[in-house]
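*Asks:* This one is data_21.cif, mmCIF, C-alpha atoms.
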```
data_target
#
loop_
_atom_site.label_atom_id
_atom_site.label_comp_id
_atom_site.auth_asym_id
_atom_site.auth_seq_id
_atom_site.Cartn_x
_atom_site.Cartn_y
_atom_site.Cartn_z
CA MET A 1 113.52 118.97 135.57
CA ARG A 2 115.37 122.18 134.72
CA SER A 3 116.01 121.44 131.03
CA MET A 4 112.38 120.49 130.42
CA ASP A 5 111.17 123.58 132.27
CA HIS A 6 113.31 125.62 129.89
CA ALA A 7 111.97 123.70 126.88
CA ARG A 8 108.36 124.33 127.92
CA GLU A 9 109.04 128.01 128.60
CA THR A 10 110.59 128.35 125.15
CA CYS A 11 107.62 126.58 123.57
CA GLU A 12 105.20 128.90 125.37
CA ALA A 13 107.15 131.94 124.16
CA PHE A 14 106.98 130.90 120.51
CA LEU A 15 103.72 128.91 120.42
CA PRO A 16 101.62 130.35 123.25
CA GLY A 17 98.90 128.07 124.54
CA LEU A 18 99.91 124.96 122.58
CA LEU A 19 101.09 122.85 125.51
CA ASP A 20 97.98 123.74 127.54
CA LYS A 21 95.80 122.57 124.64
CA LEU A 22 97.76 119.32 124.42
CA ASP A 23 97.52 118.81 128.18
CA ASP A 24 93.73 118.94 127.95
CA LEU A 25 93.70 115.74 125.88
CA PRO A 26 94.74 112.19 126.82
CA LEU A 27 97.90 110.89 125.17
CA ALA A 28 95.98 108.11 123.41
CA GLU A 29 93.80 110.69 121.63
CA LEU A 30 96.77 112.84 120.65
CA GLU A 31 98.57 109.83 119.16
CA ALA A 32 95.61 108.38 117.23
CA PRO A 33 94.67 108.94 113.57
CA GLY A 34 92.62 112.12 113.26
CA SER A 35 94.30 113.66 116.30
CA PRO A 36 93.34 117.30 116.98
CA ALA A 37 96.98 118.10 117.79
CA LEU A 38 97.78 119.43 114.31
CA ASP A 39 94.83 121.82 114.45
CA HIS A 40 96.13 123.17 117.76
CA PHE A 41 99.61 123.47 116.24
CA ARG A 42 98.22 125.61 113.42
CA ALA A 43 96.15 127.75 115.74
CA CYS A 44 99.16 128.53 117.94
CA GLY A 45 101.40 129.63 115.07
CA GLY A 46 103.39 126.43 114.71
CA PRO A 47 103.86 126.46 110.92
CA GLY A 48 105.91 129.67 111.13
CA LEU A 49 108.16 128.58 114.00
CA VAL A 50 111.51 128.41 112.18
CA ILE A 51 110.67 130.84 109.37
CA PRO A 52 112.82 133.98 109.80
CA THR A 53 111.03 137.14 110.92
CA ARG A 54 111.96 138.81 107.61
CA TYR A 55 109.46 136.39 106.05
CA HIS A 56 106.90 137.08 108.81
CA GLY A 57 107.70 133.87 110.69
CA GLY A 58 108.42 133.16 114.33
CA GLY A 59 112.17 133.42 113.86
CA ALA A 60 113.18 130.57 116.18
CA ASP A 61 116.85 129.78 115.78
CA PRO A 62 118.03 126.12 115.81
CA LEU A 63 118.66 126.10 119.57
CA GLN A 64 115.21 127.52 120.29
CA ALA A 65 113.57 125.18 117.78
CA LEU A 66 115.29 122.24 119.47
CA ALA A 67 113.73 123.24 122.80
CA VAL A 68 110.26 123.73 121.30
CA VAL A 69 110.25 120.39 119.50
CA ARG A 70 111.51 118.60 122.60
CA ALA A 71 108.69 120.10 124.66
CA VAL A 72 106.12 119.14 122.03
CA GLY A 73 107.55 115.62 121.83
CA ALA A 74 107.08 115.15 125.57
CA HIS A 75 103.37 115.92 125.17
CA SER A 76 102.70 114.33 121.76
CA PRO A 77 105.46 112.42 119.97
CA SER A 78 103.30 112.12 116.84
CA LEU A 79 102.93 115.89 116.61
CA ALA A 80 106.66 116.44 117.07
CA VAL A 81 107.62 113.90 114.40
CA ALA A 82 105.02 115.10 111.89
CA THR A 83 105.90 118.77 112.27
CA THR A 84 109.63 118.07 112.09
CA MET A 85 109.00 117.17 108.44
CA HIS A 86 107.31 120.55 108.00
CA HIS A 87 110.11 122.48 109.72
CA PHE A 88 112.92 120.90 107.73
CA SER A 89 111.04 121.46 104.46
CA VAL A 90 110.53 125.10 105.40
CA ALA A 91 114.21 125.41 106.38
CA THR A 92 115.11 124.18 102.90
CA LEU A 93 112.90 126.88 101.43
CA PHE A 94 114.35 129.78 103.39
CA THR A 95 117.86 128.53 102.74
CA LEU A 96 117.02 128.58 99.04
CA ALA A 97 115.44 132.02 99.36
CA ASP A 98 118.70 133.36 100.78
CA SER A 99 120.92 131.69 98.18
CA VAL A 100 122.12 132.66 94.73
CA GLN A 101 119.92 129.85 93.37
CA ARG A 102 116.71 131.57 94.41
CA SER A 103 113.93 131.85 91.85
CA GLY A 104 112.20 134.82 93.49
CA MET A 105 109.05 133.02 94.60
CA GLU A 106 110.46 131.52 97.79
CA TRP A 107 109.85 134.64 99.91
CA ALA A 108 106.18 134.72 98.89
CA LEU A 109 105.78 131.03 99.76
CA LEU A 110 107.39 131.52 103.14
CA GLU A 111 105.21 134.49 103.98
CA GLY A 112 102.14 132.51 102.92
CA ILE A 113 103.10 129.55 105.08
CA ALA A 114 103.69 131.75 108.12
CA GLU A 115 100.70 134.05 107.74
CA GLN A 116 98.14 131.42 106.66
CA GLY A 117 99.35 128.60 108.90
CA LEU A 118 100.03 126.23 106.02
CA LEU A 119 101.50 122.78 106.64
CA VAL A 120 104.19 121.46 104.30
CA ALA A 121 104.68 117.72 103.90
CA SER A 122 108.05 116.33 102.91
CA GLY A 123 108.38 114.04 99.90
CA PHE A 124 112.15 113.71 100.16
CA ALA A 125 113.50 110.16 100.00
CA GLU A 126 113.20 108.23 103.25
CA GLY A 127 111.98 104.89 104.53
CA ARG A 128 112.72 102.62 101.57
CA PRO A 129 115.28 99.91 102.36
CA GLY A 130 117.94 99.56 99.71
CA GLN A 131 117.39 103.00 98.22
CA GLY A 132 119.83 105.84 98.77
CA ILE A 133 118.56 108.76 100.81
CA LEU A 134 119.54 111.18 98.05
CA ALA A 135 117.63 109.31 95.34
CA PRO A 136 114.28 110.98 94.54
CA THR A 137 111.24 108.73 94.79
CA VAL A 138 109.51 110.60 91.96
CA ARG A 139 110.64 111.20 88.39
CA ALA A 140 109.61 113.71 85.76
CA GLU A 141 108.98 113.70 82.04
CA ALA A 142 109.34 116.96 80.11
CA VAL A 143 106.13 118.27 78.50
CA ASP A 144 105.07 121.66 77.17
CA GLY A 145 105.33 124.27 79.94
CA GLY A 146 106.69 121.94 82.59
CA TYR A 147 106.85 118.29 83.59
CA LEU A 148 104.64 115.28 84.27
CA VAL A 149 105.65 113.74 87.58
CA ASN A 150 105.02 110.18 88.75
CA GLY A 151 106.04 108.31 91.87
CA SER A 152 105.23 108.03 95.55
CA LYS A 153 106.53 108.79 99.03
CA LYS A 154 105.79 106.31 101.80
CA PRO A 155 105.60 106.98 104.61
CA CYS A 156 104.82 110.68 104.21
CA SER A 157 103.94 112.46 107.44
CA LEU A 158 101.17 115.10 107.37
CA SER A 159 99.61 113.24 104.43
CA ALA A 160 96.06 114.05 105.57
CA SER A 161 96.63 117.62 106.80
CA MET A 162 99.19 118.99 104.36
CA ASP A 163 98.45 122.13 102.39
CA LEU A 164 101.61 121.85 100.31
CA LEU A 165 103.89 119.01 99.29
CA THR A 166 107.59 119.58 98.78
CA ALA A 167 109.66 116.84 97.22
CA SER A 168 112.89 116.14 95.43
CA VAL A 169 112.42 115.12 91.81
CA ALA A 170 114.74 113.83 89.10
CA LEU A 171 114.42 116.01 85.99
CA PRO A 172 115.68 114.83 82.62
CA THR A 173 118.60 116.88 81.34
CA LYS A 174 118.57 118.31 77.84
CA ASP A 175 120.72 115.36 76.73
CA ALA A 176 118.16 112.97 78.21
CA GLU A 177 115.37 114.67 76.27
CA HIS A 178 117.29 113.80 73.10
CA GLY A 179 117.96 110.17 73.91
CA GLY A 180 120.54 110.46 76.70
CA GLY A 181 120.02 109.26 80.27
CA GLY A 182 121.06 112.20 82.41
CA THR A 183 119.02 113.72 85.22
CA GLU A 184 119.32 116.73 87.50
CA LEU A 185 117.85 117.20 90.94
CA ALA A 186 115.19 119.79 91.69
CA VAL A 187 112.79 120.63 94.51
CA MET A 188 109.12 121.02 93.67
CA LEU A 189 106.37 122.57 95.75
CA LEU A 190 102.79 121.56 94.98
CA PRO A 191 99.44 122.60 96.46
CA ARG A 192 97.54 119.68 98.00
CA ALA A 193 94.66 120.21 95.58
CA THR A 194 96.86 119.59 92.54
CA GLU A 195 95.23 117.04 90.25
CA GLY A 196 96.90 113.65 90.48
CA ILE A 197 98.00 113.81 94.14
CA GLY A 198 96.41 111.00 96.11
CA VAL A 199 96.76 109.66 99.65
CA HIS A 200 96.64 105.91 100.28
CA PRO A 201 96.74 103.86 103.51
CA PHE A 202 100.22 102.71 104.49
CA TRP A 203 100.92 103.16 108.23
CA ARG A 204 99.62 100.14 110.17
CA SER A 205 101.33 100.58 113.52
CA TRP A 206 99.62 102.14 116.53
CA ALA A 207 102.88 103.90 117.34
CA LEU A 208 102.98 107.48 115.98
CA ALA A 209 99.67 106.97 114.21
CA GLY A 210 98.86 110.63 114.81
CA ALA A 211 101.68 111.69 112.49
CA GLU A 212 99.54 110.83 109.44
CA SER A 213 102.36 108.87 107.79
CA ASP A 214 100.58 107.29 104.86
CA GLU A 215 101.54 107.05 101.20
CA VAL A 216 101.33 110.11 98.97
CA ARG A 217 101.11 109.01 95.35
CA LEU A 218 101.67 111.27 92.35
CA THR A 219 100.08 110.12 89.10
CA ASP A 220 100.72 112.21 85.98
CA VAL A 221 100.92 115.37 88.07
CA PHE A 222 101.64 118.40 85.92
CA VAL A 223 104.27 120.65 87.51
CA ASP A 224 104.72 124.09 86.04
CA GLU A 225 108.34 125.08 85.47
CA GLN A 226 107.83 127.96 87.93
CA LEU A 227 107.11 125.50 90.77
CA LEU A 228 110.51 123.84 90.38
CA MET A 229 113.65 125.01 92.14
CA ARG A 230 116.79 123.45 90.72
CA THR A 231 119.59 122.65 93.13
CA ALA A 232 123.29 122.95 92.50
CA ALA A 233 125.00 119.97 90.93
CA ALA A 234 126.97 117.81 93.33
CA GLU A 235 129.22 114.78 93.04
CA PRO A 236 127.46 111.38 93.24
CA GLY A 237 126.61 110.55 96.85
CA ARG A 238 127.29 114.09 98.10
CA LEU A 239 124.74 116.59 99.28
CA ASP A 240 124.85 120.09 97.85
CA ALA A 241 124.75 123.11 100.17
CA LEU A 242 120.93 123.26 100.14
CA GLN A 243 120.50 119.57 100.91
CA THR A 244 123.15 119.71 103.62
CA THR A 245 121.39 122.51 105.48
CA GLY A 246 118.04 120.76 105.21
CA PHE A 247 119.54 117.50 106.40
CA LEU A 248 121.14 119.20 109.42
CA TRP A 249 117.76 120.65 110.41
CA PHE A 250 116.16 117.24 109.95
CA GLU A 251 118.68 115.35 112.08
CA LEU A 252 118.47 117.96 114.83
CA LEU A 253 114.68 118.13 115.08
CA ILE A 254 113.87 114.46 114.54
CA ALA A 255 116.25 113.62 117.39
CA ALA A 256 114.58 116.34 119.49
CA SER A 257 111.18 114.72 118.87
CA TYR A 258 112.31 111.43 120.39
CA SER A 259 114.21 113.21 123.13
CA GLY A 260 110.86 114.65 124.14
CA ALA A 261 109.27 111.20 124.38
CA ALA A 262 112.20 109.96 126.45
CA SER A 263 112.02 113.06 128.67
CA ALA A 264 108.36 112.34 129.42
CA LEU A 265 109.34 108.90 130.75
CA VAL A 266 112.27 110.25 132.75
CA GLU A 267 110.09 112.88 134.43
CA ARG A 268 107.64 110.16 135.46
CA ALA A 269 110.46 108.09 136.95
CA LEU A 270 112.00 110.99 138.87
CA VAL A 271 108.96 111.47 141.07
CA ARG A 272 109.23 107.87 142.34
CA GLU A 273 111.14 106.87 145.46
CA HIS A 274 114.61 105.87 144.27
CA SER A 275 118.15 106.39 145.49
CA THR A 276 119.92 109.65 144.77
CA SER A 277 122.49 107.87 142.62
CA ASP A 278 119.84 106.11 140.51
CA ARG A 279 117.97 109.35 139.86
CA ALA A 280 121.15 111.25 139.03
CA ASP A 281 122.29 108.48 136.67
CA LEU A 282 118.94 108.62 134.87
CA VAL A 283 119.07 112.38 134.37
CA MET A 284 122.68 112.27 133.20
CA ARG A 285 121.82 109.72 130.51
CA LEU A 286 119.07 111.97 129.21
CA GLU A 287 121.07 115.19 129.46
CA THR A 288 123.99 113.60 127.62
CA ALA A 289 121.71 113.29 124.60
CA ASN A 290 120.39 116.80 124.93
CA LEU A 291 123.85 118.34 125.29
CA LEU A 292 124.92 116.59 122.09
CA LEU A 293 121.88 117.96 120.27
CA GLU A 294 122.46 121.45 121.64
CA GLY A 295 125.96 121.29 120.16
CA VAL A 296 124.48 120.55 116.73
CA ALA A 297 121.98 123.39 117.16
CA ARG A 298 124.71 125.88 118.04
CA MET A 299 126.77 124.74 115.07
CA LEU A 300 123.83 125.29 112.72
CA ARG A 301 122.95 128.61 114.36
CA ASP A 302 126.50 129.81 113.85
CA GLY A 303 126.36 129.10 110.13
CA GLU A 304 128.30 125.84 110.08
CA SER A 305 126.43 123.86 107.46
CA ASP A 306 129.10 122.26 105.33
CA ASP A 307 130.32 118.73 104.82
CA GLU A 308 132.32 118.75 108.05
CA ALA A 309 129.34 119.99 110.04
CA LEU A 310 127.12 117.23 108.69
CA GLY A 311 129.63 114.59 109.69
CA ARG A 312 129.79 115.95 113.25
CA ALA A 313 126.02 116.25 113.42
CA LEU A 314 125.52 112.61 112.46
CA VAL A 315 128.04 111.46 115.05
CA ALA A 316 126.09 113.48 117.64
CA ARG A 317 122.79 112.05 116.44
CA PHE A 318 123.93 108.42 116.84
CA ALA A 319 125.51 109.12 120.23
CA ALA A 320 122.32 110.88 121.35
CA GLN A 321 120.30 107.93 120.07
CA ASP A 322 122.34 105.58 122.27
CA ALA A 323 122.07 107.86 125.30
CA LEU A 324 118.29 108.17 124.89
CA GLY A 325 117.97 104.40 124.60
CA GLY A 326 119.84 103.99 127.87
CA ALA A 327 117.68 106.62 129.58
CA VAL A 328 114.45 105.01 128.39
CA ARG A 329 115.45 101.52 129.53
CA ARG A 330 116.51 102.85 132.93
CA ALA A 331 113.35 104.94 133.33
CA VAL A 332 111.07 101.98 132.55
CA GLU A 333 112.99 99.83 135.03
CA MET A 334 112.71 102.49 137.72
CA LEU A 335 109.00 103.01 137.09
CA GLY A 336 108.47 99.29 137.67
CA GLY A 337 105.91 96.73 136.65
CA THR A 338 103.01 98.37 138.46
CA ALA A 339 103.34 101.59 136.44
CA PHE A 340 103.73 99.56 133.25
CA ILE A 341 100.55 97.61 134.01
CA ALA A 342 98.51 100.52 135.33
CA SER A 343 98.78 102.68 132.21
CA SER A 344 99.57 102.07 128.54
CA GLU A 345 101.46 105.38 128.41
CA VAL A 346 104.71 103.93 129.78
CA ALA A 347 104.74 101.17 127.17
CA TYR A 348 103.74 103.60 124.44
CA LEU A 349 106.44 106.17 125.19
CA ALA A 350 109.07 103.45 125.54
CA ALA A 351 108.12 101.92 122.18
CA VAL A 352 107.93 105.25 120.38
CA SER A 353 111.33 106.37 121.65
CA HIS A 354 113.01 103.67 119.56
CA GLY A 355 111.79 105.33 116.37
CA LEU A 356 114.86 107.51 116.03
CA GLY A 357 116.82 104.49 114.82
CA PHE A 358 114.52 104.14 111.80
CA HIS A 359 115.29 107.56 110.31
CA PRO A 360 118.06 108.02 107.75
CA PRO A 361 120.86 107.45 107.52
CA SER A 362 121.01 104.02 109.12
CA ARG A 363 123.99 103.35 111.33
CA ALA A 364 125.14 100.57 108.99
CA SER A 365 124.95 102.73 105.85
CA PHE A 366 126.84 105.56 107.59
CA ALA A 367 129.75 103.42 108.79
CA ALA A 368 131.86 103.12 105.62
CA PRO A 369 131.30 106.72 104.41
CA TYR A 370 132.16 107.99 107.89
CA LEU A 371 135.42 106.06 108.06
CA GLU A 372 136.37 107.43 104.65
CA HIS A 373 135.41 110.91 105.81
CA VAL A 374 137.56 110.84 108.96
CA ALA A 375 140.41 109.63 106.78
CA GLY A 376 140.11 112.81 104.71
CA SER A 377 137.54 112.11 102.00
CA PRO A 378 134.35 114.13 101.40
CA LEU A 379 131.30 112.71 103.17
CA ARG A 380 129.19 110.62 100.79
CA LEU A 381 125.92 109.21 102.03
CA ALA A 382 124.60 106.01 100.51
#
```
Mind turning this structure into structure tokens?

*Replies:*
Amino acid sequence: MRSMDHARETCEAFLPGLLDKLDDLPLAELEAPGSPALDHFRACGGPGLVIPTRYHGGGADPLQALAVVRAVGAHSPSLAVATTMHHFSVATLFTLADSVQRSGMEWALLEGIAEQGLLVASGFAEGRPGQGILAPTVRAEAVDGGYLVNGSKKPCSLSASMDLLTASVALPTKDAEHGGGGTELAVMLLPRATEGIGVHPFWRSWALAGAESDEVRLTDVFVDEQLLMRTAAAEPGRLDALQTTGFLWFELLIAASYSGAASALVERALVREHSTSDRADLVMRLETANLLLEGVARMLRDGESDDEALGRALVARFAAQDALGGAVRRAVEMLGGTAFIASSEVAYLAAVSHGLGFHPPSRASFAAPYLEHVAGSPLRLA
């Protein structure tokens, strides 16, 4: 399939040898806890993929990153999902490094990540029903020289392999320190060896078990003031410029991960004997999703990362989600019962492909803010 050939060629250009290493292992091993896929990702330069070349990274732009993640997702959905969390955390860092809010240490962190192959886990809010996606899951108490941080992130991909943890944290404002209740949002970056960071079992499903999505718990973790990067204040429910860029990267690459899983099923179905119209219909369903995602990638590449861009990106994400669902159902039907019975891979890829619907924002939570947005209001995410 032409688009997947292009995705694999792009992946080979940026991460030479990775797909060959993944091909040498059965899917069941790649998707299991303790999978060697993350070690291969490190060895092939994966951690630096989206880091700009000025910070010694691979310099993949959003369109190229989309292709790489899609190719990886077709070979190991767990690896694609886990490393998406790394890429979007890194994108947040280089966006901060290029902004007026920079603290001066971001460039050194980015160079270290790229040159040393460090993996960055994301502790931004996700996966807790009833909690807003902008609400930090950890809170801080001011102490001499910094803050004591407590809280947890579950699930947190890369929990076993991370070298660094980045997370949003609610810091008390000066008024709060004197009896008030105000907080301000900041991003913290902590080495894995920091005292008080613990990993606890959480993920019980066999699907995406290789993504290492367990609970990361912070208990009285001391965070030096220098490891905190404050973000610009924004209205309640609105993302600031830094969060918006990070969220755009996240939506793009998490959708690409599941597009890869769906593409693996479609490629299997295309080699079977089916009518020309059935095969064309199947490919068009899949390519509809990928064209939508390419539009988001081009928008981000061209510097469109404001409120309007986020609204368009989320519309594209939900439309792509629907198109992928249709492609997966059609591919499983075309593969037939014998293929489903003969190998667990068809059932696994079909089940995994539904995971896109579990990532924020949910369709239900987006509905009211989106209607207000198209009517002229700023986009506010619950």

*Asks:* For this structure, which residues satisfy the selection - the PyMOL selection byres ((chain A and resi 56) around 8) - when it is evaluated on the file as given? I want them as a PyMOL selection string.

*Replies:* chain A and resi 48+51-55+57-58+110-111+114-115

*Asks:* Please work out which residues fall within 7 Å of (128.1, 114.9, 105.1), coordinates as given in the file, with only C-alpha atoms counting, and return them as a PyMOL selection string.

*Replies:* chain A and resi 239+307-308+310-311+379-381

*Asks:* Compare A:Ala82, A:Val143, A:Val187, A:Leu119 by their minimum atom-to-atom distance to A:Ala43, counting all atoms listed in the file, and give me the closest one.

*Replies:*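 Answer, going by the shortest atom-to-atom distance: A:Leu119.
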
*Asks:* Need the shell around A:Ser3: protein/DNA/RNA residues with any atom at most 9 Å away, counting only C-alpha atoms. Skip same-chain ones fewer than 2 positions apart. Format as a list in words?

*Replies:*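 Everything that qualifies: Met1, Asp5, His6, Ala7, Arg8, Ala67, Glu287 and Asn290 of chain A.
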
*Asks:* What is the distance, in Å and to one decimal place, between atom CA of A:Leu293 and atom CA of A:Ala65?

*Replies:*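 Straight-line distance from atom CA of A:Leu293 to atom CA of A:Ala65 works out to 11.3 Å.
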
*Asks:* Decode the PyMOL selection byres ((chain A and resi 94) around 8) for the given file into explicit residues and return them as an MDAnalysis selection string.

*Replies:* chainID A and resid 51:52 90:93 95:98 106:107 110

*Asks:* Ranking A:Ala297, A:Val216, A:Val72, A:Ala331 by minimum distance to A:Ala313 and counting all atoms listed in the file, which one comes first?

*Replies:*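 Closest to A:Ala313, using all atoms listed in the file: A:Ala297.
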
*Asks:* Given all atoms listed in the file, how would the per-residue table for stretch 334-358 of chain A near stretch 193-212 of chain A read, listing every residue at most 8 Å away with its closest atom pair and distance in Å to one decimal, sorted by chain and number, as JSON lines?

*Replies:*
```
{"residue": "A:Tyr348", "atom": "CA", "partner": "A:Ala207", "partner_atom": "CA", "distance": 7.2}
{"residue": "A:Ala351", "atom": "CA", "partner": "A:Ala207", "partner_atom": "CA", "distance": 7.4}
{"residue": "A:Val352", "atom": "CA", "partner": "A:Ala207", "partner_atom": "CA", "distance": 6.0}
```

*Asks:* Run through the PyMOL selection byres ((chain A and resi 75) around 8) on the given coordinates and return the selected residues as a short mmCIF file (atom, residue, chain, number, x, y, z; two decimals) with C-alpha atoms, in the coordinates of the input.

*Replies:*
```
data_model
loop_
_atom_site.label_atom_id
_atom_site.label_comp_id
_atom_site.auth_asym_id
_atom_site.auth_seq_id
_atom_site.Cartn_x
_atom_site.Cartn_y
_atom_site.Cartn_z
CA LEU A 19 101.09 122.85 125.51
CA LEU A 22 97.76 119.32 124.42
CA ASP A 23 97.52 118.81 128.18
CA LEU A 27 97.90 110.89 125.17
CA ALA A 71 108.69 120.10 124.66
CA VAL A 72 106.12 119.14 122.03
CA GLY A 73 107.55 115.62 121.83
CA ALA A 74 107.08 115.15 125.57
CA SER A 76 102.70 114.33 121.76
CA PRO A 77 105.46 112.42 119.97
CA GLY A 260 110.86 114.65 124.14
CA ALA A 261 109.27 111.20 124.38
CA ALA A 264 108.36 112.34 129.42
#
```

*Asks:* For a test of reading the model, state the distance in Å between atom CA of A:Ser168 and atom CA of A:Ala316, rounded to one decimal.

*Replies:*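 A separation of 26.0 Å between them.
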